[in-house]
Amino acid sequence: MASYYHFAILYLCCCSITVVPTGARKLTALVEQQPLILKYHHGALLKGNITVNLIWYGQFTPIQRSIIVDFIQSLSAPRAPLPSVSTWWKTTDKYKVGSSQLVVGKQILHEAYTLGKSLKTRHLVALTNKVNGLKSINVVLTAKDVAVDGFCMSRCGTHGSTRVIQGKRVTRSAYVWVGNSETQCPGQCAWPFHQPIYGPQTPPLVSPNGDVGVDGMIINLATVLAGTVTNPFNNGYFQGPATAPLEAVSACTGIFGSGAYPGDPGRVLVEKTSGASYNANGVNGRKYLLPAMWDPQTSACKTLV
């Protein structure tokens, strides 16, 4: 199971400090930065047509749901103006051969908090198991008043897999969880749309859909979906230990545009009338801010702008 912690990784992975001896008079050479390599561990990737089933746990408004549904539909919609969400997603095609075409499938509303408002990982798995299907990703989305084990402390989202028994055949099914951090930890899981708790206190960006919590969810959902198709069963593309891997997007955390550095998301586009920041166009006129993704061809984090 791969967890993604939006803000902590930013400082652990993007910062490096070089200590220079006091007797040194000048810097004689720059240390060349080593290329970022995500090793392929020879496991299966999710390619072809993939159904994304959405399990909404808690209270979401119709507008909030439409922002997320439009994002998923934008991943495989080639007609949006450039720079587009689908252009961002096409980088996953470079992981081995073939595309991952995502389409929205079933949507299940759990508005009555049937498992309570404090969930463990086993509850997330139980919710994902309510939807069966091959070649699918079951996505659990928890509302802003739902606490999840590890949320805000060690993760903003997670992807993993469960065993599916079909007759004599045992397969694995991928799942994803992302929470709405609006009232719990927007400084960790909705940055750069909120002041960070740690590090440089740069002004927050204006969220492109007018909802800090949901626009933060889009960043985290993009991260774990990319990780799911390129490392669905902990033997795909990643760097580091399989229990805490750096994946397609989590290896590039905190980078949204060119010139990014720790605490600064980089240069992004700004909508003239609202002042909202974005870097990707989606369906139905939507705009989103998406993190950089590691490009296997260049071994570097690739931004849209």
# chains A, B, ... in the order shown; residues from 1 in each chain; ligands from 1
>>> residues_around(residues="range 245-258 of chain A", least_positions_apart="3", cutoff="7 Å", atoms="only C-alpha atoms", output="PyMOL selection string")
chain A and resi 2+4+6+9-10+223+226-227+237-242+262+265-268+290-294+301+303-305
>>> select_by_dssp(residues="range 34-116 of chain A", states="alpha helix (DSSP H)", output="list in words")
Pro62, Ile63, Gln64, Arg65, Ser66, Ile67, Ile68, Val69, Asp70, Phe71, Ile72, Gln73, Ser74, Val85, Ser86, Thr87, Trp88 and Trp89 of chain A
>>> write_last_selection(atoms="all heavy atoms", output="short mmCIF file (atom, residue, chain, number, x, y, z; two decimals), in the first residue's frame")
data_model
loop_
_atom_site.label_atom_id
_atom_site.label_comp_id
_atom_site.auth_asym_id
_atom_site.auth_seq_id
_atom_site.Cartn_x
_atom_site.Cartn_y
_atom_site.Cartn_z
N PRO A 62 -23.35 18.55 -4.81
CA PRO A 62 -23.32 18.18 -6.23
C PRO A 62 -22.19 18.88 -6.99
O PRO A 62 -21.57 18.28 -7.87
CB PRO A 62 -24.69 18.59 -6.74
CG PRO A 62 -25.58 18.51 -5.54
CD PRO A 62 -24.71 18.95 -4.39
N ILE A 63 -21.89 20.13 -6.64
CA ILE A 63 -20.81 20.86 -7.31
C ILE A 63 -19.47 20.21 -6.99
O ILE A 63 -18.63 20.04 -7.89
CB ILE A 63 -20.81 22.35 -6.89
CG1 ILE A 63 -22.06 23.05 -7.44
CG2 ILE A 63 -19.55 23.04 -7.38
CD1 ILE A 63 -22.20 24.49 -7.01
N GLN A 64 -19.26 19.83 -5.74
CA GLN A 64 -18.00 19.17 -5.37
C GLN A 64 -17.83 17.86 -6.13
O GLN A 64 -16.74 17.55 -6.63
CB GLN A 64 -17.96 18.93 -3.87
CG GLN A 64 -17.78 20.20 -3.05
CD GLN A 64 -17.81 19.93 -1.56
OE1 GLN A 64 -18.58 19.09 -1.07
NE2 GLN A 64 -17.00 20.66 -0.81
N ARG A 65 -18.90 17.11 -6.22
CA ARG A 65 -18.80 15.84 -6.96
C ARG A 65 -18.51 16.08 -8.43
O ARG A 65 -17.73 15.35 -9.05
CB ARG A 65 -20.09 15.02 -6.78
CG ARG A 65 -20.32 14.53 -5.35
CD ARG A 65 -21.30 13.37 -5.29
NE ARG A 65 -22.63 13.72 -5.79
CZ ARG A 65 -23.62 14.17 -5.02
NH1 ARG A 65 -23.43 14.33 -3.71
NH2 ARG A 65 -24.80 14.46 -5.54
N SER A 66 -19.12 17.12 -8.99
CA SER A 66 -18.91 17.37 -10.43
C SER A 66 -17.48 17.80 -10.72
O SER A 66 -16.93 17.48 -11.78
CB SER A 66 -19.90 18.44 -10.93
OG SER A 66 -19.62 19.72 -10.37
N ILE A 67 -16.84 18.53 -9.79
CA ILE A 67 -15.44 18.93 -9.99
C ILE A 67 -14.55 17.70 -10.13
O ILE A 67 -13.68 17.62 -11.01
CB ILE A 67 -14.96 19.81 -8.82
CG1 ILE A 67 -15.70 21.16 -8.81
CG2 ILE A 67 -13.45 20.05 -8.90
CD1 ILE A 67 -15.47 21.98 -7.55
N ILE A 68 -14.78 16.71 -9.26
CA ILE A 68 -13.95 15.50 -9.27
C ILE A 68 -14.29 14.60 -10.45
O ILE A 68 -13.39 14.06 -11.11
CB ILE A 68 -14.10 14.76 -7.93
CG1 ILE A 68 -13.45 15.61 -6.82
CG2 ILE A 68 -13.47 13.37 -7.99
CD1 ILE A 68 -13.60 15.06 -5.43
N VAL A 69 -15.58 14.45 -10.77
CA VAL A 69 -15.98 13.63 -11.91
C VAL A 69 -15.42 14.23 -13.21
O VAL A 69 -14.89 13.51 -14.07
CB VAL A 69 -17.51 13.49 -11.98
CG1 VAL A 69 -17.94 12.87 -13.31
CG2 VAL A 69 -18.02 12.64 -10.81
N ASP A 70 -15.53 15.55 -13.34
CA ASP A 70 -15.00 16.21 -14.54
C ASP A 70 -13.49 16.00 -14.66
O ASP A 70 -12.96 15.84 -15.77
CB ASP A 70 -15.30 17.71 -14.51
CG ASP A 70 -16.75 18.02 -14.86
OD1 ASP A 70 -17.46 17.10 -15.31
OD2 ASP A 70 -17.17 19.18 -14.67
N PHE A 71 -12.79 15.99 -13.52
CA PHE A 71 -11.34 15.75 -13.57
C PHE A 71 -11.03 14.36 -14.12
O PHE A 71 -10.18 14.21 -15.00
CB PHE A 71 -10.71 15.92 -12.18
CG PHE A 71 -9.31 15.40 -12.12
CD1 PHE A 71 -8.29 16.03 -12.81
CD2 PHE A 71 -9.01 14.26 -11.39
CE1 PHE A 71 -6.98 15.54 -12.77
CE2 PHE A 71 -7.72 13.75 -11.34
CZ PHE A 71 -6.71 14.40 -12.03
N ILE A 72 -11.71 13.35 -13.60
CA ILE A 72 -11.44 11.99 -14.06
C ILE A 72 -11.79 11.84 -15.54
O ILE A 72 -11.06 11.22 -16.31
CB ILE A 72 -12.21 10.97 -13.20
CG1 ILE A 72 -11.70 11.02 -11.75
CG2 ILE A 72 -12.05 9.55 -13.76
CD1 ILE A 72 -12.52 10.21 -10.79
N GLN A 73 -12.90 12.45 -15.96
CA GLN A 73 -13.26 12.40 -17.37
C GLN A 73 -12.25 13.15 -18.23
O GLN A 73 -12.01 12.77 -19.39
CB GLN A 73 -14.67 12.98 -17.56
CG GLN A 73 -15.77 12.12 -16.97
CD GLN A 73 -17.15 12.74 -17.11
OE1 GLN A 73 -17.28 13.96 -17.19
NE2 GLN A 73 -18.18 11.91 -17.14
N SER A 74 -11.62 14.17 -17.67
CA SER A 74 -10.64 14.96 -18.42
C SER A 74 -9.37 14.18 -18.70
O SER A 74 -8.64 14.50 -19.66
CB SER A 74 -10.29 16.24 -17.65
OG SER A 74 -11.42 17.06 -17.45
N VAL A 85 -5.45 18.43 -19.12
CA VAL A 85 -5.34 17.32 -18.18
C VAL A 85 -4.92 16.04 -18.91
O VAL A 85 -4.09 15.27 -18.42
CB VAL A 85 -6.68 17.09 -17.45
CG1 VAL A 85 -6.63 15.85 -16.56
CG2 VAL A 85 -7.05 18.31 -16.60
N SER A 86 -5.48 15.82 -20.10
CA SER A 86 -5.15 14.60 -20.84
C SER A 86 -3.69 14.59 -21.29
O SER A 86 -3.05 13.53 -21.34
CB SER A 86 -6.08 14.43 -22.05
OG SER A 86 -5.94 15.51 -22.95
N THR A 87 -3.12 15.76 -21.61
CA THR A 87 -1.70 15.83 -21.95
C THR A 87 -0.85 15.43 -20.75
O THR A 87 0.15 14.71 -20.88
CB THR A 87 -1.32 17.25 -22.41
OG1 THR A 87 -2.10 17.60 -23.56
CG2 THR A 87 0.16 17.34 -22.75
N TRP A 88 -1.24 15.91 -19.58
CA TRP A 88 -0.54 15.52 -18.35
C TRP A 88 -0.60 14.00 -18.16
O TRP A 88 0.41 13.36 -17.88
CB TRP A 88 -1.19 16.24 -17.16
CG TRP A 88 -0.65 15.87 -15.82
CD1 TRP A 88 0.47 16.39 -15.22
CD2 TRP A 88 -1.17 14.90 -14.91
NE1 TRP A 88 0.67 15.80 -13.99
CE2 TRP A 88 -0.33 14.89 -13.77
CE3 TRP A 88 -2.28 14.05 -14.93
CZ2 TRP A 88 -0.56 14.05 -12.68
CZ3 TRP A 88 -2.51 13.21 -13.84
CH2 TRP A 88 -1.66 13.22 -12.73
N TRP A 89 -1.78 13.41 -18.34
CA TRP A 89 -1.97 11.99 -18.10
C TRP A 89 -1.22 11.13 -19.12
O TRP A 89 -0.80 10.01 -18.81
CB TRP A 89 -3.45 11.66 -18.11
CG TRP A 89 -3.79 10.24 -17.79
CD1 TRP A 89 -4.28 9.28 -18.64
CD2 TRP A 89 -3.69 9.59 -16.51
NE1 TRP A 89 -4.48 8.09 -17.98
CE2 TRP A 89 -4.12 8.25 -16.66
CE3 TRP A 89 -3.27 10.03 -15.25
CZ2 TRP A 89 -4.14 7.35 -15.61
CZ3 TRP A 89 -3.29 9.13 -14.19
CH2 TRP A 89 -3.72 7.80 -14.38
#
>>> residues_around(residues="Trp56 in chain A", least_positions_apart="3", cutoff="6 Å", atoms="only C-alpha atoms", output="list in words")
Leu109, His110 and Leu141 of chain A
>>> write_last_selection(atoms="all heavy atoms", output="CSV table (one decimal), in the first residue's frame")
chain,number,residue,atom,x,y,z
A,109,LEU,N,-23.2,6.7,-3.1
A,109,LEU,CA,-23.2,7.7,-2.1
A,109,LEU,C,-23.4,7.0,-0.7
A,109,LEU,O,-24.4,6.3,-0.5
A,109,LEU,CB,-24.3,8.7,-2.3
A,109,LEU,CG,-24.3,9.4,-3.7
A,109,LEU,CD1,-25.4,10.5,-3.8
A,109,LEU,CD2,-23.0,10.1,-4.0
A,110,HIS,N,-22.5,7.3,0.2
A,110,HIS,CA,-22.7,6.9,1.6
A,110,HIS,C,-22.8,8.1,2.5
A,110,HIS,O,-21.9,8.5,3.2
A,110,HIS,CB,-21.5,6.1,2.0
A,110,HIS,CG,-21.4,4.7,1.5
A,110,HIS,ND1,-22.1,3.6,2.1
A,110,HIS,CD2,-20.8,4.2,0.4
A,110,HIS,CE1,-21.9,2.5,1.4
A,110,HIS,NE2,-21.1,2.8,0.3
A,141,LEU,N,-13.7,8.4,-1.5
A,141,LEU,CA,-13.5,9.9,-1.2
A,141,LEU,C,-14.2,10.2,0.1
A,141,LEU,O,-15.4,10.0,0.2
A,141,LEU,CB,-14.0,10.7,-2.4
A,141,LEU,CG,-13.4,10.4,-3.7
A,141,LEU,CD1,-14.2,10.9,-4.9
A,141,LEU,CD2,-12.0,10.9,-3.8
>>> select_by_dssp(residues="range 43-260 of chain A", states="strand (DSSP E)", output="PyMOL selection string")
chain A and resi 48-57+100-110+118-119+136-142+147-148+157-166+169-179+237-238
>>> residues_around(residues="Leu75 in chain A", least_positions_apart="6", cutoff="12 Å", atoms="only C-alpha atoms", output="PyMOL selection string")
chain A and resi 50+52+68-69+84-92+99-104+218+221-222+225-226+280-283+288+290
>>> decode(residues="range 141-270 of chain A", atoms="C-alpha atoms", output="mmCIF file, in the first residue's frame")
data_model
loop_
_atom_site.group_PDB
_atom_site.id
_atom_site.type_symbol
_atom_site.label_atom_id
_atom_site.label_comp_id
_atom_site.auth_asym_id
_atom_site.auth_seq_id
_atom_site.Cartn_x
_atom_site.Cartn_y
_atom_site.Cartn_z
ATOM 1 C CA LEU A 141 -13.495 9.866 -1.212
ATOM 2 C CA THR A 142 -14.104 10.981 2.385
ATOM 3 C CA ALA A 143 -15.804 14.242 3.319
ATOM 4 C CA LYS A 144 -14.205 17.063 5.317
ATOM 5 C CA ASP A 145 -15.702 15.890 8.631
ATOM 6 C CA VAL A 146 -14.421 12.310 8.326
ATOM 7 C CA ALA A 147 -11.210 11.367 10.123
ATOM 8 C CA VAL A 148 -9.134 8.562 8.613
ATOM 9 C CA ASP A 149 -6.297 6.718 10.305
ATOM 10 C CA GLY A 150 -3.061 8.518 9.404
ATOM 11 C CA PHE A 151 -4.838 11.387 7.611
ATOM 12 C CA CYS A 152 -2.931 14.664 8.057
ATOM 13 C CA MET A 153 -0.249 12.880 10.103
ATOM 14 C CA SER A 154 1.349 10.588 7.553
ATOM 15 C CA ARG A 155 -0.856 10.626 4.456
ATOM 16 C CA CYS A 156 -3.224 12.698 2.328
ATOM 17 C CA GLY A 157 -4.199 9.766 0.118
ATOM 18 C CA THR A 158 -3.441 6.110 -0.419
ATOM 19 C CA HIS A 159 -3.553 3.479 -3.110
ATOM 20 C CA GLY A 160 -3.346 -0.265 -2.627
ATOM 21 C CA SER A 161 -4.873 -3.526 -3.765
ATOM 22 C CA THR A 162 -7.086 -6.304 -2.442
ATOM 23 C CA ARG A 163 -7.453 -9.966 -3.377
ATOM 24 C CA VAL A 164 -10.468 -10.890 -5.490
ATOM 25 C CA ILE A 165 -11.542 -14.531 -5.674
ATOM 26 C CA GLN A 166 -13.471 -15.513 -8.804
ATOM 27 C CA GLY A 167 -14.138 -19.232 -8.739
ATOM 28 C CA LYS A 168 -10.743 -20.909 -8.705
ATOM 29 C CA ARG A 169 -8.996 -17.765 -9.873
ATOM 30 C CA VAL A 170 -7.453 -15.209 -7.521
ATOM 31 C CA THR A 171 -6.708 -11.736 -8.868
ATOM 32 C CA ARG A 172 -5.939 -8.357 -7.360
ATOM 33 C CA SER A 173 -8.086 -5.237 -7.546
ATOM 34 C CA ALA A 174 -6.718 -1.714 -7.143
ATOM 35 C CA TYR A 175 -8.225 0.871 -4.836
ATOM 36 C CA VAL A 176 -7.610 4.506 -3.925
ATOM 37 C CA TRP A 177 -8.524 6.723 -0.989
ATOM 38 C CA VAL A 178 -8.335 10.524 -0.799
ATOM 39 C CA GLY A 179 -9.759 12.750 1.950
ATOM 40 C CA ASN A 180 -11.035 16.330 1.979
ATOM 41 C CA SER A 181 -8.598 18.226 4.212
ATOM 42 C CA GLU A 182 -10.452 21.573 4.240
ATOM 43 C CA THR A 183 -11.183 21.636 7.980
ATOM 44 C CA GLN A 184 -8.564 19.176 9.216
ATOM 45 C CA CYS A 185 -5.196 19.961 7.622
ATOM 46 C CA PRO A 186 -5.326 22.188 4.524
ATOM 47 C CA GLY A 187 -1.779 23.364 5.256
ATOM 48 C CA GLN A 188 -0.531 19.822 4.667
ATOM 49 C CA CYS A 189 -2.932 18.318 2.136
ATOM 50 C CA ALA A 190 -4.290 21.336 0.230
ATOM 51 C CA TRP A 191 -1.071 23.297 -0.295
ATOM 52 C CA PRO A 192 -0.484 25.495 -2.327
ATOM 53 C CA PHE A 193 -4.081 26.676 -1.848
ATOM 54 C CA HIS A 194 -3.502 27.220 1.877
ATOM 55 C CA GLN A 195 -0.665 28.542 4.018
ATOM 56 C CA PRO A 196 1.754 25.709 4.835
ATOM 57 C CA ILE A 197 2.193 24.699 8.450
ATOM 58 C CA TYR A 198 5.964 24.395 8.052
ATOM 59 C CA GLY A 199 8.583 26.114 5.960
ATOM 60 C CA PRO A 200 8.452 29.371 3.985
ATOM 61 C CA GLN A 201 5.139 31.179 4.421
ATOM 62 C CA THR A 202 4.497 32.124 0.811
ATOM 63 C CA PRO A 203 1.018 33.470 -0.016
ATOM 64 C CA PRO A 204 -1.423 30.703 -0.985
ATOM 65 C CA LEU A 205 -2.677 30.421 -4.551
ATOM 66 C CA VAL A 206 -6.327 30.955 -5.419
ATOM 67 C CA SER A 207 -7.908 27.558 -6.096
ATOM 68 C CA PRO A 208 -9.196 27.139 -9.674
ATOM 69 C CA ASN A 209 -12.635 25.799 -8.713
ATOM 70 C CA GLY A 210 -13.228 27.977 -5.682
ATOM 71 C CA ASP A 211 -13.001 25.096 -3.206
ATOM 72 C CA VAL A 212 -9.701 24.722 -1.331
ATOM 73 C CA GLY A 213 -10.584 21.289 0.030
ATOM 74 C CA VAL A 214 -11.726 19.770 -3.264
ATOM 75 C CA ASP A 215 -9.002 21.408 -5.365
ATOM 76 C CA GLY A 216 -6.548 19.941 -2.856
ATOM 77 C CA MET A 217 -8.240 16.563 -3.324
ATOM 78 C CA ILE A 218 -7.629 16.868 -7.079
ATOM 79 C CA ILE A 219 -3.866 17.211 -6.492
ATOM 80 C CA ASN A 220 -3.839 14.165 -4.223
ATOM 81 C CA LEU A 221 -6.186 12.156 -6.454
ATOM 82 C CA ALA A 222 -3.979 12.880 -9.463
ATOM 83 C CA THR A 223 -0.976 11.691 -7.454
ATOM 84 C CA VAL A 224 -2.432 8.377 -6.324
ATOM 85 C CA LEU A 225 -4.150 7.601 -9.654
ATOM 86 C CA ALA A 226 -0.814 7.997 -11.461
ATOM 87 C CA GLY A 227 0.785 5.802 -8.811
ATOM 88 C CA THR A 228 -1.982 3.237 -9.200
ATOM 89 C CA VAL A 229 -1.599 2.692 -12.944
ATOM 90 C CA THR A 230 2.225 2.691 -12.857
ATOM 91 C CA ASN A 231 2.693 0.737 -9.605
ATOM 92 C CA PRO A 232 -0.620 -0.987 -8.832
ATOM 93 C CA PHE A 233 0.693 -3.994 -6.914
ATOM 94 C CA ASN A 234 3.974 -2.728 -5.401
ATOM 95 C CA ASN A 235 6.094 -4.219 -8.187
ATOM 96 C CA GLY A 236 5.816 -1.581 -10.918
ATOM 97 C CA TYR A 237 7.744 1.697 -11.153
ATOM 98 C CA PHE A 238 9.059 3.221 -7.933
ATOM 99 C CA GLN A 239 12.134 4.290 -6.037
ATOM 100 C CA GLY A 240 12.985 3.236 -2.488
ATOM 101 C CA PRO A 241 11.309 0.575 -0.341
ATOM 102 C CA ALA A 242 8.077 -0.992 -1.603
ATOM 103 C CA THR A 243 6.451 -0.164 1.740
ATOM 104 C CA ALA A 244 7.078 3.574 1.265
ATOM 105 C CA PRO A 245 7.774 4.105 -2.434
ATOM 106 C CA LEU A 246 8.353 7.275 -4.377
ATOM 107 C CA GLU A 247 6.163 6.910 -7.462
ATOM 108 C CA ALA A 248 5.299 8.707 -10.704
ATOM 109 C CA VAL A 249 4.044 11.889 -9.026
ATOM 110 C CA SER A 250 5.004 11.523 -5.371
ATOM 111 C CA ALA A 251 8.650 11.600 -6.513
ATOM 112 C CA CYS A 252 7.956 15.133 -7.797
ATOM 113 C CA THR A 253 5.940 16.514 -4.889
ATOM 114 C CA GLY A 254 5.712 20.295 -4.574
ATOM 115 C CA ILE A 255 6.441 20.994 -8.257
ATOM 116 C CA PHE A 256 3.583 22.520 -10.266
ATOM 117 C CA GLY A 257 5.380 24.755 -12.743
ATOM 118 C CA SER A 258 8.813 25.681 -14.031
ATOM 119 C CA GLY A 259 11.155 27.270 -11.538
ATOM 120 C CA ALA A 260 9.607 25.504 -8.537
ATOM 121 C CA TYR A 261 11.632 25.166 -5.353
ATOM 122 C CA PRO A 262 10.741 24.063 -1.802
ATOM 123 C CA GLY A 263 7.909 26.264 -0.610
ATOM 124 C CA ASP A 264 7.216 27.740 -4.065
ATOM 125 C CA PRO A 265 5.041 25.797 -6.547
ATOM 126 C CA GLY A 266 6.655 27.420 -9.581
ATOM 127 C CA ARG A 267 5.269 29.495 -12.422
ATOM 128 C CA VAL A 268 1.669 28.600 -13.256
ATOM 129 C CA LEU A 269 -1.144 30.142 -15.266
ATOM 130 C CA VAL A 270 -3.530 32.677 -13.701
#
